[in-house]
file my_file09.tsv (TSV, C-alpha atoms and all ligand atoms)
chain	number	residue	atom	x	y	z
A	121	MET	CA	16.48	-11.82	-0.78
A	122	GLU	CA	17.58	-8.47	0.53
A	123	ILE	CA	14.78	-6.22	1.77
A	124	VAL	CA	15.25	-2.68	0.51
A	125	ILE	CA	12.00	-1.10	1.69
A	126	SER	CA	10.01	-2.04	4.72
A	127	LEU	CA	6.68	-0.54	5.77
A	128	ASN	CA	5.51	-1.53	9.19
A	129	GLN	CA	1.94	-0.61	10.18
A	130	ILE	CA	2.00	2.68	8.33
A	131	THR	CA	-0.81	5.18	8.71
A	132	LYS	CA	-0.98	8.67	7.28
A	133	GLN	CA	-3.63	11.03	8.50
A	134	PHE	CA	-4.25	14.44	6.92
A	135	LYS	CA	-6.49	16.17	9.46
A	136	LYS	CA	-9.66	14.03	9.31
A	137	GLN	CA	-8.66	12.22	6.13
A	138	THR	CA	-6.95	8.84	6.54
A	139	ALA	CA	-4.92	8.62	3.33
A	140	VAL	CA	-3.08	5.42	4.29
A	141	ASN	CA	-4.54	3.05	6.82
A	142	ASN	CA	-2.21	0.71	8.71
A	143	ILE	CA	-0.38	-0.96	5.82
A	144	SER	CA	2.60	-3.29	6.09
A	145	THR	CA	4.70	-4.74	3.30
A	146	VAL	CA	8.29	-5.24	2.18
A	147	ILE	CA	9.97	-4.74	-1.17
A	148	HIS	CA	13.04	-6.73	-2.13
A	149	LYS	CA	16.08	-5.72	-4.14
A	150	GLY	CA	15.48	-6.09	-7.85
A	151	GLU	CA	11.68	-6.09	-7.72
A	152	LEU	CA	9.62	-4.25	-10.34
A	153	VAL	CA	6.49	-3.20	-8.51
A	154	ALA	CA	3.38	-1.36	-9.65
A	155	ILE	CA	1.22	0.40	-7.10
A	156	LEU	CA	-2.29	0.46	-8.50
A	157	GLY	CA	-5.58	1.79	-7.24
A	158	PRO	CA	-8.38	4.23	-7.91
A	159	ASN	CA	-8.09	7.99	-7.35
A	160	GLY	CA	-7.44	8.89	-3.75
A	161	ALA	CA	-6.50	5.32	-2.76
A	162	GLY	CA	-3.27	6.44	-1.07
A	163	LYS	CA	-0.72	5.51	-3.76
A	164	SER	CA	1.13	8.83	-4.02
A	165	THR	CA	1.06	9.33	-0.27
A	166	THR	CA	2.70	5.93	0.20
A	167	LEU	CA	5.33	6.70	-2.42
A	168	LEU	CA	6.11	10.05	-0.84
A	169	MET	CA	6.49	8.38	2.56
A	170	MET	CA	8.87	5.78	1.10
A	171	LEU	CA	10.93	8.68	-0.21
A	172	GLY	CA	10.90	10.43	3.14
A	173	LEU	CA	9.19	13.48	1.64
A	174	ILE	CA	6.32	13.15	4.09
A	175	GLU	CA	6.34	11.44	7.47
A	176	PRO	CA	3.83	8.76	8.46
A	177	THR	CA	1.50	9.61	11.32
A	178	ASN	CA	2.13	6.14	12.74
A	179	GLY	CA	4.40	3.22	11.95
A	180	GLU	CA	7.91	2.85	10.66
A	181	ILE	CA	9.41	2.92	7.18
A	182	THR	CA	12.97	1.93	6.40
A	183	LEU	CA	14.77	2.41	3.12
A	184	MET	CA	17.85	0.23	2.79
A	185	GLY	CA	17.82	-0.24	6.53
A	186	ASP	CA	17.78	3.48	7.42
A	187	HIS	CA	15.24	6.24	7.74
A	188	PRO	CA	14.28	7.21	4.17
A	189	LYS	CA	15.82	10.65	4.63
A	190	HIS	CA	19.20	9.33	5.77
A	191	LYS	CA	21.97	10.91	3.73
A	192	ARG	CA	23.26	7.49	2.68
A	193	ASN	CA	19.97	7.04	0.84
A	194	ARG	CA	20.09	10.30	-1.05
A	195	GLU	CA	22.73	9.04	-3.46
A	196	ARG	CA	21.09	5.68	-3.90
A	197	ILE	CA	17.58	6.63	-4.94
A	198	GLY	CA	16.07	8.43	-7.90
A	199	ALA	CA	12.54	9.73	-8.24
A	200	MET	CA	10.25	11.12	-10.87
A	201	LEU	CA	7.21	12.68	-9.27
A	202	GLN	CA	4.01	14.10	-10.69
A	203	GLU	CA	4.96	17.73	-10.34
A	204	VAL	CA	7.57	18.65	-12.89
A	205	SER	CA	9.33	21.83	-11.93
A	206	MET	CA	12.25	22.79	-14.08
A	207	ILE	CA	15.00	25.10	-13.05
A	208	ASP	CA	14.46	28.35	-14.89
A	209	ALA	CA	17.02	29.68	-17.31
A	210	LEU	CA	19.03	26.46	-17.64
A	211	THR	CA	19.16	24.50	-20.86
A	212	VAL	CA	18.37	20.80	-20.97
A	213	MET	CA	22.08	19.99	-21.18
A	214	GLU	CA	22.91	22.25	-18.24
A	215	VAL	CA	20.20	20.76	-16.05
A	216	ILE	CA	21.48	17.27	-16.79
A	217	GLN	CA	25.05	18.29	-15.99
A	218	LEU	CA	23.89	19.98	-12.79
A	219	PHE	CA	22.07	16.86	-11.61
A	220	ARG	CA	25.03	14.65	-12.49
A	221	SER	CA	27.27	16.88	-10.40
A	222	TYR	CA	25.25	16.04	-7.26
A	223	TYR	CA	26.29	12.38	-7.37
A	224	PRO	CA	29.59	10.57	-6.81
A	225	GLN	CA	29.00	8.08	-9.63
A	226	PRO	CA	26.58	9.64	-12.07
A	227	MET	CA	25.26	7.92	-15.14
A	228	ALA	CA	27.08	8.81	-18.37
A	229	PHE	CA	25.98	12.12	-19.88
A	230	GLU	CA	25.39	10.58	-23.33
A	231	GLN	CA	23.25	7.85	-21.83
A	232	LEU	CA	21.07	10.39	-20.04
A	233	ILE	CA	20.73	12.42	-23.22
A	234	SER	CA	19.64	9.34	-25.09
A	235	ILE	CA	17.09	8.60	-22.33
A	236	THR	CA	15.48	12.03	-22.85
A	237	GLY	CA	14.94	11.05	-26.49
A	238	LEU	CA	15.42	14.74	-27.33
A	239	GLN	CA	16.93	15.94	-30.59
A	240	GLU	CA	20.09	18.04	-30.76
A	241	GLU	CA	18.19	21.32	-31.22
A	242	ASP	CA	15.95	20.64	-28.18
A	243	LEU	CA	18.92	19.99	-25.91
A	244	LYS	CA	19.91	23.63	-26.21
A	245	LYS	CA	16.43	24.82	-25.30
A	246	ARG	CA	15.65	26.10	-21.86
A	247	ALA	CA	14.19	23.21	-19.89
A	248	ASP	CA	11.13	25.20	-18.86
A	249	LYS	CA	10.31	25.78	-22.53
A	250	LEU	CA	9.92	22.08	-23.34
A	251	SER	CA	6.52	20.56	-24.04
A	252	GLY	CA	4.77	18.62	-21.26
A	253	GLY	CA	5.79	15.23	-22.69
A	254	GLN	CA	9.39	16.37	-23.26
A	255	LYS	CA	9.56	17.58	-19.66
A	256	ARG	CA	8.47	14.15	-18.47
A	257	ARG	CA	11.26	12.57	-20.49
A	258	LEU	CA	13.77	15.02	-19.09
A	259	SER	CA	12.61	14.34	-15.54
A	260	PHE	CA	13.04	10.63	-16.25
A	261	ALA	CA	16.66	11.28	-17.21
A	262	LEU	CA	17.14	13.44	-14.11
A	263	ALA	CA	15.75	10.67	-11.89
A	264	LEU	CA	18.46	8.39	-13.26
A	265	ALA	CA	21.30	10.96	-13.11
A	266	GLY	CA	22.83	9.42	-9.99
A	267	ASP	CA	22.61	5.87	-11.37
A	268	PRO	CA	20.32	4.99	-8.44
A	269	GLU	CA	19.73	1.57	-6.91
A	270	ILE	CA	16.03	2.23	-6.28
A	271	ILE	CA	13.89	4.25	-8.64
A	272	PHE	CA	10.44	5.66	-7.83
A	273	PHE	CA	8.01	6.88	-10.45
A	274	ASP	CA	4.68	8.52	-9.72
A	275	GLU	CA	2.42	8.25	-12.77
A	276	PRO	CA	5.47	8.35	-15.03
A	277	THR	CA	3.92	8.09	-18.47
A	278	VAL	CA	1.16	10.67	-18.14
A	279	GLY	CA	1.53	13.04	-21.08
A	280	MET	CA	3.99	10.83	-22.97
A	281	ASP	CA	3.17	9.83	-26.54
A	282	THR	CA	3.20	6.18	-27.59
A	283	SER	CA	6.82	6.12	-28.68
A	284	ALA	CA	8.03	7.96	-25.55
A	285	ARG	CA	6.05	5.50	-23.46
A	286	ARG	CA	7.61	2.52	-25.21
A	287	ASN	CA	11.12	3.93	-24.79
A	288	PHE	CA	10.41	4.70	-21.17
A	289	TRP	CA	9.34	1.14	-20.32
A	290	ARG	CA	12.17	-0.37	-22.35
A	291	THR	CA	14.69	1.66	-20.34
A	292	VAL	CA	12.95	0.76	-17.07
A	293	GLU	CA	13.07	-2.94	-17.93
A	294	GLU	CA	16.76	-2.68	-18.83
A	295	MET	CA	17.49	-0.99	-15.51
A	296	ASN	CA	15.53	-3.64	-13.66
A	297	LYS	CA	17.49	-6.39	-15.44
A	298	LYS	CA	20.64	-4.77	-14.11
A	299	GLY	CA	19.30	-5.37	-10.60
A	300	LYS	CA	17.71	-2.01	-9.87
A	301	THR	CA	14.54	-1.92	-7.83
A	302	VAL	CA	11.70	-0.05	-9.52
A	303	ILE	CA	8.47	1.11	-7.90
A	304	PHE	CA	5.84	2.99	-9.85
A	305	THR	CA	2.27	4.14	-9.48
A	306	THR	CA	-0.01	4.13	-12.46
A	307	HIS	CA	-3.59	4.35	-13.59
A	308	TYR	CA	-2.85	2.41	-16.74
A	309	LEU	CA	-3.73	-1.17	-15.87
A	310	GLN	CA	-2.29	-2.44	-19.10
A	311	GLU	CA	1.10	-0.94	-18.25
A	312	ALA	CA	1.08	-2.56	-14.84
A	313	ASP	CA	0.06	-5.87	-16.36
A	314	ASP	CA	2.71	-5.70	-19.10
A	315	VAL	CA	5.62	-4.42	-17.07
A	316	ALA	CA	5.28	-5.13	-13.37
A	317	LYS	CA	6.33	-8.40	-11.81
A	318	ARG	CA	4.32	-7.56	-8.73
A	319	ILE	CA	1.23	-5.44	-8.25
A	320	ILE	CA	0.23	-3.91	-4.94
A	321	LEU	CA	-3.38	-2.89	-5.23
A	322	PHE	CA	-4.61	-0.06	-3.01
A	323	ASN	CA	-8.14	0.91	-2.16
A	324	GLN	CA	-9.25	3.42	0.46
A	325	GLY	CA	-5.81	3.58	2.06
A	326	LYS	CA	-5.41	-0.18	2.37
A	327	ILE	CA	-3.62	-2.89	0.44
A	328	ILE	CA	-6.35	-5.11	-0.95
A	329	ALA	CA	-4.24	-7.42	-3.12
A	330	ASP	CA	-0.56	-8.09	-3.59
A	331	GLY	CA	0.99	-10.52	-6.03
A	332	ALA	CA	2.13	-11.28	-9.57
A	333	PRO	CA	-0.30	-9.92	-12.19
A	334	ILE	CA	-1.04	-13.43	-13.43
A	335	ASP	CA	-1.91	-14.65	-9.94
A	336	ILE	CA	-4.18	-11.70	-9.23
A	337	LYS	CA	-5.98	-12.28	-12.50
A	338	ARG	CA	-6.16	-16.04	-12.06
A	339	LYS	CA	-7.57	-15.76	-8.59
A	340	LEU	CA	-10.22	-13.23	-9.38
A	341	THR	CA	-11.31	-13.84	-12.93
A	342	ALA	CA	-12.32	-16.94	-14.80
A	343	SER	CA	-9.90	-18.51	-17.27
A	344	SER	CA	-11.08	-20.61	-20.15
A	345	VAL	CA	-10.00	-22.86	-22.97
A	346	SER	CA	-12.10	-22.29	-26.05
A	347	PHE	CA	-12.25	-23.68	-29.57
A	348	ALA	CA	-14.46	-23.53	-32.63
A	349	ALA	CA	-17.67	-25.47	-32.06
A	350	ASN	CA	-18.43	-28.45	-34.30
A	351	ASP	CA	-21.22	-31.02	-34.49
A	352	PHE	CA	-19.10	-33.97	-33.37
A	353	ILE	CA	-18.22	-32.82	-29.88
A	354	SER	CA	-20.54	-33.60	-27.03
A	355	LEU	CA	-20.76	-30.83	-24.46
A	356	GLU	CA	-21.70	-33.44	-21.82
A	357	MET	CA	-18.45	-35.29	-22.50
A	358	LEU	CA	-16.44	-32.06	-22.22
A	359	ALA	CA	-18.03	-31.43	-18.84
A	360	THR	CA	-16.45	-34.67	-17.56
A	361	ILE	CA	-12.89	-33.38	-18.11
A	362	ALA	CA	-11.15	-32.82	-14.79
A	363	TYR	CA	-10.98	-29.17	-13.67
A	364	VAL	CA	-13.67	-28.03	-16.13
A	365	MET	CA	-16.10	-26.00	-14.06
A	366	LYS	CA	-18.54	-25.00	-16.77
A	367	VAL	CA	-19.09	-25.61	-20.48
A	368	VAL	CA	-20.64	-22.81	-22.49
A	369	GLU	CA	-21.34	-22.59	-26.21
A	370	LYS	CA	-21.41	-19.04	-27.53
A	371	ASP	CA	-20.94	-17.34	-30.90
A	372	GLY	CA	-19.82	-20.53	-32.62
A	373	ARG	CA	-17.24	-21.38	-29.95
A	374	VAL	CA	-17.15	-23.75	-27.00
A	375	PHE	CA	-15.72	-22.33	-23.75
A	376	LEU	CA	-14.45	-24.57	-20.96
A	377	GLU	CA	-14.16	-22.46	-17.84
A	378	THR	CA	-11.36	-23.65	-15.60
A	379	ASP	CA	-8.61	-22.64	-13.19
A	380	HIS	CA	-6.30	-25.20	-14.81
A	381	THR	CA	-6.04	-24.38	-18.50
A	382	ASP	CA	-2.88	-26.48	-19.04
A	383	GLU	CA	-4.41	-29.63	-17.56
A	384	VAL	CA	-7.61	-29.19	-19.54
A	385	LEU	CA	-5.64	-28.81	-22.77
A	386	GLU	CA	-3.60	-31.93	-21.96
A	387	GLU	CA	-6.78	-33.90	-21.43
A	388	ILE	CA	-8.27	-32.68	-24.70
A	389	PHE	CA	-5.18	-33.92	-26.53
A	390	ALA	CA	-4.99	-37.16	-24.52
A	391	ARG	CA	-8.59	-37.97	-25.45
A	392	LYS	CA	-7.79	-37.05	-29.05
A	393	ILE	CA	-10.77	-34.71	-29.19
A	394	LYS	CA	-10.61	-32.96	-32.54
A	395	VAL	CA	-10.63	-29.23	-31.86
A	396	LYS	CA	-9.65	-26.30	-34.04
A	397	ASP	CA	-8.66	-22.69	-33.43
A	398	ILE	CA	-7.85	-23.16	-29.73
A	399	ASN	CA	-7.64	-20.10	-27.56
A	400	ILE	CA	-6.63	-19.72	-23.92
A	401	HIS	CA	-8.17	-16.78	-22.15
A	402	HIS	CA	-7.00	-15.52	-18.78
A	403	GLY	CA	-9.06	-12.83	-17.11
A	404	ARG	CA	-7.94	-9.29	-17.72
A	405	LEU	CA	-6.43	-7.19	-15.01
A	406	ASP	CA	-9.15	-4.57	-15.36
A	407	GLU	CA	-11.74	-7.26	-14.52
A	408	ALA	CA	-9.82	-8.21	-11.38
A	409	PHE	CA	-9.28	-4.54	-10.48
A	410	GLU	CA	-12.95	-3.79	-10.96
A	411	GLN	CA	-13.96	-6.71	-8.71
A	412	LEU	CA	-11.54	-5.86	-5.95
A	413	THR	CA	-12.16	-2.16	-5.78
A	414	ARG	CA	-15.91	-2.61	-6.05
A	415	ARG	CA	-15.95	-4.86	-3.05
A	416	GLY	CA	-13.90	-2.32	-1.11
A	417	GLY	CA	-12.58	-2.79	2.38
A	418	GLU	CA	-14.39	-5.94	3.43
A	419	PHE	CA	-12.63	-7.97	0.82
A	420	VAL	CA	-9.22	-7.09	2.18
A	421	GLU	CA	-8.20	-9.97	4.38
A	422	SER	CA	-9.51	-12.81	2.29
A	423	SER	CA	-8.10	-11.43	-0.94
A	424	LEU	CA	-4.70	-10.94	0.62
A	425	ASP	CA	-4.62	-14.55	1.73
A	426	ALA	CA	-5.94	-15.71	-1.54
A	427	VAL	CA	-3.73	-13.78	-3.94
A	501	LIG	N1	-1.26	17.03	1.46
A	501	LIG	C1	-2.50	16.56	1.66
A	501	LIG	N2	-3.36	17.18	2.47
A	501	LIG	C2	-4.60	16.71	2.69
A	501	LIG	N3	-5.08	15.57	2.13
A	501	LIG	C3	-4.27	14.91	1.31
A	501	LIG	C4	-2.94	15.37	1.01
A	501	LIG	N4	-2.36	14.48	0.16
A	501	LIG	C5	-3.29	13.54	-0.08
A	501	LIG	N5	-4.42	13.80	0.60
A	501	LIG	C6	-5.64	12.96	0.60
A	501	LIG	O1	-5.29	11.62	0.89
A	501	LIG	C7	-5.99	10.71	0.07
A	501	LIG	C8	-5.00	9.85	-0.72
A	501	LIG	O2	-4.34	10.68	-1.67
A	501	LIG	P1	-3.22	10.14	-2.67
A	501	LIG	O3	-2.72	11.32	-3.43
A	501	LIG	O4	-2.23	9.35	-1.91
A	501	LIG	O5	-4.07	9.18	-3.58
A	501	LIG	P2	-3.65	8.48	-4.95
A	501	LIG	O6	-4.01	7.04	-4.79
A	501	LIG	O7	-2.26	8.80	-5.30
A	501	LIG	O8	-4.68	9.17	-5.94
A	501	LIG	P3	-4.56	9.60	-7.48
A	501	LIG	O9	-4.72	8.33	-8.24
A	501	LIG	O10	-5.74	10.47	-7.66
A	501	LIG	O11	-3.26	10.27	-7.70
A	501	LIG	C9	-6.91	11.55	-0.80
A	501	LIG	O12	-8.17	11.57	-0.21
A	501	LIG	C10	-6.29	12.92	-0.77
A	501	LIG	O13	-7.27	13.92	-0.90

call {"tool": "encode", "arguments": {"input": "my_file09.tsv", "output": "structure tokens"}}
result
Amino acid sequence: MEIVISLNQITKQFKKQTAVNNISTVIHKGELVAILGPNGAGKSTTLLMMLGLIEPTNGEITLMGDHPKHKRNRERIGAMLQEVSMIDALTVMEVIQLFRSYYPQPMAFEQLISITGLQEEDLKKRADKLSGGQKRRLSFALALAGDPEIIFFDEPTVGMDTSARRNFWRTVEEMNKKGKTVIFTTHYLQEADDVAKRIILFNQGKIIADGAPIDIKRKLTASSVSFAANDFISLEMLATIAYVMKVVEKDGRVFLETDHTDEVLEEIFARKIKVKDINIHHGRLDEAFEQLTRRGGEFVESSLDAV
């Protein structure tokens, strides 16, 4: 698969503060990647370096094979950053037209308007007079004005209401299906879990886990098969099922902790054990996140191998 972004031993130092500490990774064309991590972990700094807006102190970043700032890249990337600054005195429609005019093959005007989700009367408003959430939606449309191949979002849904959020992710998923690479930072673990195909987890300037959400969760949190308890099932017998690590009875249910939920289920059916109200539980991303960030730096190497 084609590599579109490559980070090779990147460090960013702000005076005494090491914001990003010797990270290396690659992102392939068509990936949908979430960069997650607690406050100050180095997410935004990394994103800004990928965009060429700040330079690493050490290491090398390439964007589609060139320096991020190369003029070939300018037409091929779109970004929505945390700071929304609107051009004064232009209406929403004028700003969209202006941004479209920067690119050789802009996205259709009507499509961008529909992405803003704004009503007719709001399109004639001055962009700087929009509400916070409306500004975010407009900056989303502006990020897509050039019909970019790679799109970067820094905390994109902050300030968006539920429906704006849903529309935003639906559009992002559509773009990704068309082959566009999407990279976003977020604090909303649920969003990362729902949308991203890959999560890069940052802590204290380092990458402490990198993988599909399901793999990160599976590796770091316990999964279980559970069902309603009844008097006829022997817990000792359940403990003999292959891959069952622990059997626990709690609140009227029996939980079989395992890394292999499918195999355990198969065995339950093969042995014709009568169970009702079956539930499969995989650990939640916030549990995995909590574990990883709590353990901090020391956990780095082993978790990277493991995940
Ligand atoms: N321009 C700057 N000058 C000095 N220090 C900076 C600058 N930008 C970031 N930092 C510091 O680098 C560290 C990483 O910041 P960064 O903004 O990348 O974190 P983040 O993971 O995006 O955090 P948040 O979730 O709070 O947005 C922080 O300690 C921050 O204070």

call {"tool": "residues_around", "arguments": {"input": "my_file09.tsv", "residues": "Ser354 in chain A", "least_positions_apart": "5", "cutoff": "12 Å", "atoms": "all atoms listed in the file", "output": "ChimeraX atom specification"}}
result
/A:349,359-361,367-369,374,393-395

call {"tool": "residues_near_ligand", "arguments": {"input": "my_file09.tsv", "ligand": "ligand LIG 501 (chain A)", "cutoff": "9 Å", "atoms": "all atoms listed in the file", "output": "number ranges by chain"}}
result
A: 132-140, 155-168, 174, 202, 274-275, 305-307, 322-325

call {"tool": "atom_distance", "arguments": {"input": "my_file09.tsv", "atom1": "CA of Gln231 in chain A", "atom2": "CA of Met200 in chain A"}}
result
17.3 Å

call {"tool": "atom_distance", "arguments": {"input": "my_file09.tsv", "atom1": "CA of Lys189 in chain A", "atom2": "CA of Gly172 in chain A"}}
result
5.1 Å

call {"tool": "residues_around", "arguments": {"input": "my_file09.tsv", "residues": "Val215 in chain A", "least_positions_apart": "3", "cutoff": "12 Å", "atoms": "only C-alpha atoms", "output": "NGL selection string"}}
result
:A and (205-212 or 218-222 or 229 or 232-233 or 243-248 or 255 or 258-259 or 261-263 or 265)

call {"tool": "write_last_selection", "arguments": {"input": "my_file09.tsv", "atoms": "C-alpha atoms", "output": "compact mmCIF listing (two decimals), keeping the file's coordinate frame"}}
result
# COMPACT_ATOMS: atom_id res chain seq x y z
CA SER A 205 9.33 21.83 -11.93
CA MET A 206 12.25 22.79 -14.08
CA ILE A 207 15.00 25.10 -13.05
CA ASP A 208 14.46 28.35 -14.89
CA ALA A 209 17.02 29.68 -17.31
CA LEU A 210 19.03 26.46 -17.64
CA THR A 211 19.16 24.50 -20.86
CA VAL A 212 18.37 20.80 -20.97
CA LEU A 218 23.89 19.98 -12.79
CA PHE A 219 22.07 16.86 -11.61
CA ARG A 220 25.03 14.65 -12.49
CA SER A 221 27.27 16.88 -10.40
CA TYR A 222 25.25 16.04 -7.26
CA PHE A 229 25.98 12.12 -19.88
CA LEU A 232 21.07 10.39 -20.04
CA ILE A 233 20.73 12.42 -23.22
CA LEU A 243 18.92 19.99 -25.91
CA LYS A 244 19.91 23.63 -26.21
CA LYS A 245 16.43 24.82 -25.30
CA ARG A 246 15.65 26.10 -21.86
CA ALA A 247 14.19 23.21 -19.89
CA ASP A 248 11.13 25.20 -18.86
CA LYS A 255 9.56 17.58 -19.66
CA LEU A 258 13.77 15.02 -19.09
CA SER A 259 12.61 14.34 -15.54
CA ALA A 261 16.66 11.28 -17.21
CA LEU A 262 17.14 13.44 -14.11
CA ALA A 263 15.75 10.67 -11.89
CA ALA A 265 21.30 10.96 -13.11

call {"tool": "residues_around", "arguments": {"input": "my_file09.tsv", "residues": "Asp314 in chain A", "least_positions_apart": "6", "cutoff": "12 Å", "atoms": "only C-alpha atoms", "output": "number ranges by chain"}}
result
A: 152-154, 286, 289-290, 293, 308, 332-334, 404-405

call {"tool": "atom_distance", "arguments": {"input": "my_file09.tsv", "atom1": "CA of Glu180 in chain A", "atom2": "CA of Lys300 in chain A"}}
result
23.3 Å

call {"tool": "closest_residue", "arguments": {"input": "my_file09.tsv", "among": "A:Leu250, A:Ile270, A:Leu376, A:Leu238", "to": "Pro188 in chain A", "atoms": "all atoms listed in the file"}}
result
A:Ile270

call {"tool": "closest_residue", "arguments": {"input": "my_file09.tsv", "among": "A:Glu407, A:Glu214, A:Asp267, A:Thr182", "to": "Gly299 in chain A", "atoms": "all atoms listed in the file"}}
result
A:Asp267

call {"tool": "axis_aligned_box", "arguments": {"input": "my_file09.tsv", "around": "range 346-349 of chain A", "padding_each_side": "5 Å", "output": "lines of an AutoDock Vina configuration file"}}
result
center_x = -14.9
center_y = -23.9
center_z = -29.3
size_x = 15.6
size_y = 13.2
size_z = 16.6

call {"tool": "residues_around", "arguments": {"input": "my_file09.tsv", "residues": "Thr301 in chain A", "least_positions_apart": "3", "cutoff": "10 Å", "atoms": "only C-alpha atoms", "output": "number ranges by chain"}}
result
A: 124-125, 147-153, 197, 268-272, 292, 295-298

call {"tool": "closest_residue", "arguments": {"input": "my_file09.tsv", "among": "A:Asp281, A:Ser343, A:Phe409, A:Lys249", "to": "Gln310 in chain A", "atoms": "all atoms listed in the file"}}
result
A:Phe409

call {"tool": "closest_residue", "arguments": {"input": "my_file09.tsv", "among": "A:Ala199, A:Val302, A:Glu383, A:Ser234", "to": "Leu173 in chain A", "atoms": "all atoms listed in the file"}}
result
A:Ala199
